[in-house]
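Participant: Here you go, one structure.
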Amino acid sequence: MFRDRRLLLIYAIILIDVIVGSAVGPILPEFVKGMERPQLWLAVGTALFLGMQLFSAPLLGKLSDGYGRRPIFIVSAIGTFLADCFLLPVRVGYYFANRLSDGVTNGMYATVRSAITDISPKDQLFRNLGIEGAIISLGFVIGPAASGLLLTTLNIVEGEQAKAVALMAVLLSSVNILLSWLLKETHANPPGVDTTTLKQELVQALNVHLLWMRLVGKNQKHPGLQQLVLMQLALTLSTGYYNYMVAFVSLGELHLDAKGISYFFMFFGALSIVISYVFYARIADHINQVRAIFWFALLGAPTLVAYGLVGKSVVALYVVVAIDCFTLSLIQGLIEGLMAQRTTDDDRGEVFGINQAMQGFANFVTTLIFGLLSLVDLRLPYLWFGLCMAAVAWQAWRFERQPQVTTAPEQGERA
């Protein structure tokens with residue numbers, strides 16, 4: 001099925017990383033339980049986690065171009081392990097420490113996409129990046145399922161549930177250290193990065209304007225890249241609902257407990273992986289990808305608004321998430337595939353790093369916005385998410401009507 005078995009190892013690393021992240025999701029409300037306005041503190045923690053990508057993603061991407069993908073995988077795996085150790089004392093201070101440290105290592109996903117693109121033949125690029133999305137969805141199934149199975153099988157009492165799940169996350173994240181060590185390099189003969197360049201990268205990573213100007217420069221080399229990043233930013237603003245979902249279903253009218261949240265994400269992830277796999281393995285390469293983004297986003301905008309209207313009905317929540325899986329959940333892989341086509345071996349990590357940094361900034365912004373809106377009404381953030389998804393449709397409509405000159409990347413030649 002795969003011409004290069006390194007893909008299987010990369011997918012395994014992604015799967016475990018997402019399992020760990022999604023497994024701890026249902027227990028995070030426990031860390032802010034008893035505090036005034038707990039939904040706000042959950043939002044602050046999420047903002048810290050996502051905002052750190054603004055700093056880490058370009059730096060890790062640049063380092064992966066200079067020193068190879070494998071060292072970044074190893075460092076990120078170790079960082080995630082240490083971050084999960086912070087969750088063992090179930091206290092709010094350690095929760096914020098986890099969000100900060102785990103946010104830094106989460107910047108590795110620029111390296112993940114670079115590594116996949118490195119070894120993907122041109123005719124399999126959309127499929128391989130789409131499978132990455134399906135693997136992420138699978139992780140969202142297994143993570144909550146593992147938490148629910150652990151809590152149910154061992155009959156762990158409510159006060160000990162968070163610590164038990166955190167310990168499971170620590171053990172699983174240690175496995176990724178071993179897998180990352182076993183991964184063979186995908187970026188042959190990296191040129192290295194001098195100290196001056198690293199210092200400049202660090203300074204620039206903290207300056208959104210400089211990041212944008214670097215993107216403008218890359219757009220001159222890879223026409224169409226800038227508009228794809230704009231599309232990605234609008235999508236990121238809308239997909240903030242992933243991070244808001246736990247607070248909404250636990251603190252809103254639905255009042256789901258940890259098990260209920262786990263079951264919901266199991267359904268969400270299971271349906272998403274089936275649909276995503278079929279779509280990317282059989283359909284994505286044979287359609288107009290930009291037009292598909294337009295229609296998925298156009299249908300996805302009212303779907304997001306509908307989340308806020310489910311009231312107390314769990315059935316309505318499951319119906320809306322099913323529509324979600326058939327529409328807006330398919331957009332991410334399409335944009336990444338179009339973006340990957342506009343990179344080369346020399347700057348792939350840097351381009352994906354800049355993109356993930358911009359996503360980190362967008363995530364930080366949308367988290368602050370939905371956190372403030374939730375103080376007014378827990379349903380109100382979904383109106384914001386719907387408007388941002390409508391902006392994705394608008395960007396796709398503009399993109400399709402502008403002549404694009406694509407650059408042929410050199411991926412797959414060493415696979």
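Ordering of the structure tokens sets the chain letters (A, B, ...), residue numbers begin anew at 1 in every chain, and ligands are numbered from 1 in the order given.
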Any chance you could tabulate, as a tab-separated table, the residues of range 279-357 of chain A at most 6 Å from range 59-79 of chain A with each one's nearest atom pair and distance in Å to one decimal, using only C-alpha atoms, in chain and rising number order?

Facilitator:
residue	atom	partner	partner_atom	distance
A:Gly349	CA	A:Gly61	CA	4.3
A:Glu350	CA	A:Gly61	CA	4.9
A:Gly353	CA	A:Gly61	CA	4.6

Participant: Near range 30-44 of chain A, counting only C-alpha atoms, which residues have an atom at most 7 Å away, once you skip same-chain residues fewer than 2 positions from it, shown as a list of chain:residue names?

Facilitator: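 Returned residues: A:Ile27, A:Leu28, A:Thr46, A:Ala47, A:Leu48, A:Val90, A:Arg91, A:Val92, A:Tyr95, A:Ala162, A:Ala247, A:Thr367, A:Leu368, A:Gly371.
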
Participant: Tell me, in Å to one decimal, how far CA of Gly159 in chain A is from CA of Val249 in chain A.

Facilitator: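 Interatomic distance, CA of Gly159 in chain A to CA of Val249 in chain A: 20.2 Å.
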
Participant: Would you mind reading off the distance between CA of Gly148 in chain A and CA of Pro29 in chain A, one decimal, in Å?

Facilitator: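 Value for the CA of Gly148 in chain A-CA of Pro29 in chain A distance: 15.5 Å.
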
Participant: Using only C-alpha atoms, which residues sit within 12 Å of Gly25 in chain A once same-chain residues fewer than 3 positions away are excluded, as a ChimeraX atom specification?

Facilitator: /A:18-22,28-31,42,45-46,87,95,99,140,143-148,162,165-166,169,242-247,250,257-259,261-262,265

Participant: I need the residues from that last selection saved to file as a PDB file, in the first residue's frame (with C-alpha atoms), if you can.

Facilitator:
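Just written: again25.pdb:
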ATOM      1  CA  VAL A  18      -3.371  12.540  19.089  1.00  0.00           C
ATOM      2  CA  ILE A  19      -4.529   9.700  21.338  1.00  0.00           C
ATOM      3  CA  VAL A  20      -2.649  11.299  24.226  1.00  0.00           C
ATOM      4  CA  GLY A  21      -4.039  14.769  23.487  1.00  0.00           C
ATOM      5  CA  SER A  22      -7.646  13.610  23.051  1.00  0.00           C
ATOM      6  CA  LEU A  28      -9.291  19.103  31.665  1.00  0.00           C
ATOM      7  CA  PRO A  29     -12.453  20.630  33.223  1.00  0.00           C
ATOM      8  CA  GLU A  30     -11.378  18.937  36.470  1.00  0.00           C
ATOM      9  CA  PHE A  31      -8.324  21.215  36.691  1.00  0.00           C
ATOM     10  CA  LEU A  42     -10.357  26.502  29.989  1.00  0.00           C
ATOM     11  CA  GLY A  45      -5.373  27.284  28.832  1.00  0.00           C
ATOM     12  CA  THR A  46      -6.309  26.502  25.248  1.00  0.00           C
ATOM     13  CA  LEU A  87      -0.887  16.699  34.682  1.00  0.00           C
ATOM     14  CA  TYR A  95      -2.645  22.591  34.048  1.00  0.00           C
ATOM     15  CA  ARG A  99      -0.617  23.872  28.201  1.00  0.00           C
ATOM     16  CA  PHE A 140      -9.801  11.233  18.485  1.00  0.00           C
ATOM     17  CA  GLY A 143      -8.165   8.605  22.979  1.00  0.00           C
ATOM     18  CA  PRO A 144     -11.577   9.142  24.572  1.00  0.00           C
ATOM     19  CA  ALA A 145     -12.330   5.415  24.188  1.00  0.00           C
ATOM     20  CA  ALA A 146      -9.160   4.567  26.106  1.00  0.00           C
ATOM     21  CA  SER A 147     -10.081   7.046  28.838  1.00  0.00           C
ATOM     22  CA  GLY A 148     -13.629   5.717  29.054  1.00  0.00           C
ATOM     23  CA  ALA A 162      -8.113  12.843  36.184  1.00  0.00           C
ATOM     24  CA  VAL A 165      -6.029   9.348  32.720  1.00  0.00           C
ATOM     25  CA  ALA A 166      -2.968  11.604  33.105  1.00  0.00           C
ATOM     26  CA  ALA A 169      -1.069   9.743  28.863  1.00  0.00           C
ATOM     27  CA  TYR A 242     -12.888  21.728  18.413  1.00  0.00           C
ATOM     28  CA  ASN A 243     -11.257  23.334  21.441  1.00  0.00           C
ATOM     29  CA  TYR A 244     -14.514  24.876  22.662  1.00  0.00           C
ATOM     30  CA  MET A 245     -16.522  21.660  22.353  1.00  0.00           C
ATOM     31  CA  VAL A 246     -15.511  20.181  25.735  1.00  0.00           C
ATOM     32  CA  ALA A 247     -16.499  23.354  27.594  1.00  0.00           C
ATOM     33  CA  SER A 250     -19.907  19.881  29.781  1.00  0.00           C
ATOM     34  CA  ASP A 257     -19.808  14.105  32.135  1.00  0.00           C
ATOM     35  CA  ALA A 258     -16.356  12.680  31.306  1.00  0.00           C
ATOM     36  CA  LYS A 259     -17.854   9.427  29.993  1.00  0.00           C
ATOM     37  CA  ILE A 261     -17.770  13.467  26.397  1.00  0.00           C
ATOM     38  CA  SER A 262     -15.666  10.389  25.638  1.00  0.00           C
ATOM     39  CA  PHE A 265     -15.726  12.099  20.607  1.00  0.00           C
TER      40      PHE A 265
END

Participant: Mind checking DSSP for range 107-316 of chain A and telling me the alpha helix (DSSP H) residues as JSON, numbers by chain?

Facilitator: {"A": [109, 110, 111, 112, 113, 114, 115, 116, 117, 118, 125, 126, 127, 128, 129, 130, 131, 132, 133, 134, 135, 136, 137, 138, 139, 140, 141, 142, 143, 144, 145, 146, 147, 148, 149, 150, 151, 152, 153, 161, 162, 163, 164, 165, 166, 167, 168, 169, 170, 171, 172, 173, 174, 175, 176, 177, 178, 179, 180, 181, 182, 195, 196, 197, 198, 199, 200, 201, 202, 203, 204, 205, 208, 209, 210, 211, 212, 213, 214, 215, 216, 217, 218, 219, 220, 221, 225, 226, 227, 228, 229, 230, 231, 232, 233, 234, 235, 236, 237, 238, 241, 242, 243, 244, 245, 246, 247, 248, 249, 250, 251, 258, 259, 260, 261, 262, 263, 264, 265, 266, 267, 268, 269, 270, 271, 272, 273, 274, 275, 276, 277, 278, 289, 290, 291, 292, 293, 294, 295, 296, 297, 298, 299, 300, 301, 302, 303, 304, 305, 306, 307, 314, 315, 316]}

Participant: Do a neighbour search on Gln402 in chain A at 10 Å with only C-alpha atoms, toss out local chain neighbours closer than 4 positions, and write the hits as a PDB file with N, CA and C atoms, in the first residue's frame.

Facilitator:
ATOM      1  N   GLY A 224       0.275  31.629  -5.328  1.00  0.00           N
ATOM      2  CA  GLY A 224      -0.930  31.031  -4.785  1.00  0.00           C
ATOM      3  C   GLY A 224      -0.804  30.628  -3.336  1.00  0.00           C
ATOM      4  N   TRP A 397     -13.768  30.709  -3.274  1.00  0.00           N
ATOM      5  CA  TRP A 397     -14.429  31.270  -4.465  1.00  0.00           C
ATOM      6  C   TRP A 397     -13.478  32.231  -5.185  1.00  0.00           C
ATOM      7  N   ARG A 398     -12.773  33.080  -4.434  1.00  0.00           N
ATOM      8  CA  ARG A 398     -11.809  34.012  -5.022  1.00  0.00           C
ATOM      9  C   ARG A 398     -10.626  33.266  -5.634  1.00  0.00           C
TER      10      ARG A 398
END

Participant: Residues within 12 Å of Thr327 in chain A, please, as a PyMOL selection string. Count only C-alpha atoms; anything in the same chain fewer than 5 positions from it doesn't count.

Facilitator: chain A and resi 272+275-276+279+292-304+320-322+332+334+389+393

Participant: Taking only C-alpha atoms into account, which of A:Val274, A:Gln124, A:Leu50, A:Leu149 comes nearest Asn98 in chain A?

Facilitator: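 Under the stated criterion, the closest residue is A:Leu50.
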
Participant: Find, counting only C-alpha atoms, the residue in A:Ser101, A:Ser174, A:Thr366, A:Asn128 that gets nearest to Ser56 in chain A.

Facilitator: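 Among the listed residues, the smallest separation from Ser56 in chain A belongs to A:Ser101.
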
Participant: Between A:Ile323, A:Val104, A:Met266, A:Leu237, which residue has the minimum interatomic distance to Phe49 in chain A, considering only C-alpha atoms?

Facilitator: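 That would be A:Val104, the residue with the smallest distance to Phe49 in chain A.
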
Participant: Can you measure CA of Glu253 in chain A to CA of Ile369 in chain A for me? One decimal in Å is fine.

Facilitator: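 Distance between the two atoms: 20.8 Å.
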
Participant: With only C-alpha atoms as the basis for distance, which of A:Leu256, A:Val157, A:Leu251, A:Ala281 is at the shortest distance from Leu375 in chain A?

Facilitator: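 Answer, going by the shortest atom-to-atom distance: A:Leu251.
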
Participant: Taking only C-alpha atoms into account, name the residue in A:Ile273, A:Ala234, A:Leu338, A:Val175 that is nearest to Ile13 in chain A.

Facilitator: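 Distance minimum relative to Ile13 in chain A lands on A:Val175.
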
Participant: Near Gln356 in chain A, counting only C-alpha atoms, which residues have an atom at most 7 Å away, once you skip same-chain residues fewer than 2 positions from it, shown as a compact mmCIF listing (two decimals) with N, CA, C and O atoms, in the first residue's frame?

Facilitator:
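Saved the output as around_19.txt:
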# COMPACT_ATOMS: atom_id res chain seq x y z
N GLN A 53 2.39 27.87 19.46
CA GLN A 53 2.79 27.45 18.12
C GLN A 53 3.32 28.63 17.30
O GLN A 53 4.10 28.44 16.37
N ALA A 57 6.44 26.71 15.93
CA ALA A 57 6.30 26.07 14.62
C ALA A 57 7.34 26.55 13.60
O ALA A 57 7.98 25.73 12.94
N ALA A 110 4.30 20.92 11.70
CA ALA A 110 4.91 21.44 10.48
C ALA A 110 5.94 20.45 9.96
O ALA A 110 6.05 20.20 8.75
N PHE A 352 5.78 25.20 5.90
CA PHE A 352 4.80 24.61 6.81
C PHE A 352 4.92 25.21 8.20
O PHE A 352 3.93 25.32 8.93
N GLY A 353 6.15 25.57 8.60
CA GLY A 353 6.33 26.18 9.91
C GLY A 353 5.70 27.55 9.99
O GLY A 353 5.03 27.89 10.97
N ILE A 354 5.89 28.38 8.94
CA ILE A 354 5.25 29.69 8.91
C ILE A 354 3.73 29.54 8.94
O ILE A 354 3.02 30.25 9.66
N MET A 358 1.18 30.90 11.82
CA MET A 358 0.02 31.75 11.56
C MET A 358 -1.25 31.10 12.09
O MET A 358 -2.15 31.77 12.61
N GLN A 359 -1.32 29.77 11.98
CA GLN A 359 -2.45 29.05 12.56
C GLN A 359 -2.47 29.20 14.08
O GLN A 359 -3.54 29.34 14.68
N GLY A 360 -1.28 29.14 14.69
CA GLY A 360 -1.20 29.32 16.13
C GLY A 360 -1.73 30.69 16.55
O GLY A 360 -2.45 30.81 17.54

Participant: Quick one: residues within 9 Å of Leu183 in chain A, only C-alpha atoms, excluding same-chain residues fewer than 4 positions away - as a compact mmCIF listing (two decimals) with N, CA and C atoms, in the first residue's frame?

Facilitator:
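Result file is selection.txt:
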# COMPACT_ATOMS: atom_id res chain seq x y z
N ARG A 6 8.51 4.30 5.98
CA ARG A 6 8.64 5.39 6.96
C ARG A 6 7.30 6.09 7.19
N LEU A 9 5.53 4.55 10.12
CA LEU A 9 6.06 4.96 11.42
C LEU A 9 5.62 6.39 11.75
N ILE A 10 5.61 7.27 10.75
CA ILE A 10 5.14 8.63 10.97
C ILE A 10 3.68 8.62 11.38
N ARG A 70 13.99 13.91 11.65
CA ARG A 70 14.08 12.96 12.75
C ARG A 70 14.43 13.62 14.09
N PHE A 73 11.33 15.20 15.57
CA PHE A 73 10.40 14.20 16.10
C PHE A 73 10.83 13.76 17.50
N LEU A 178 10.34 6.24 21.75
CA LEU A 178 10.96 5.09 21.10
C LEU A 178 10.69 5.09 19.59
N LEU A 179 9.44 5.35 19.20
CA LEU A 179 9.10 5.34 17.78
C LEU A 179 9.85 6.44 17.02

Participant: Between A:Pro121, A:Gly269, A:Pro381, A:Gly311, which is the closest to Leu7 in chain A once you count only C-alpha atoms?

Facilitator: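 Result for the nearest residue to Leu7 in chain A: A:Pro121.
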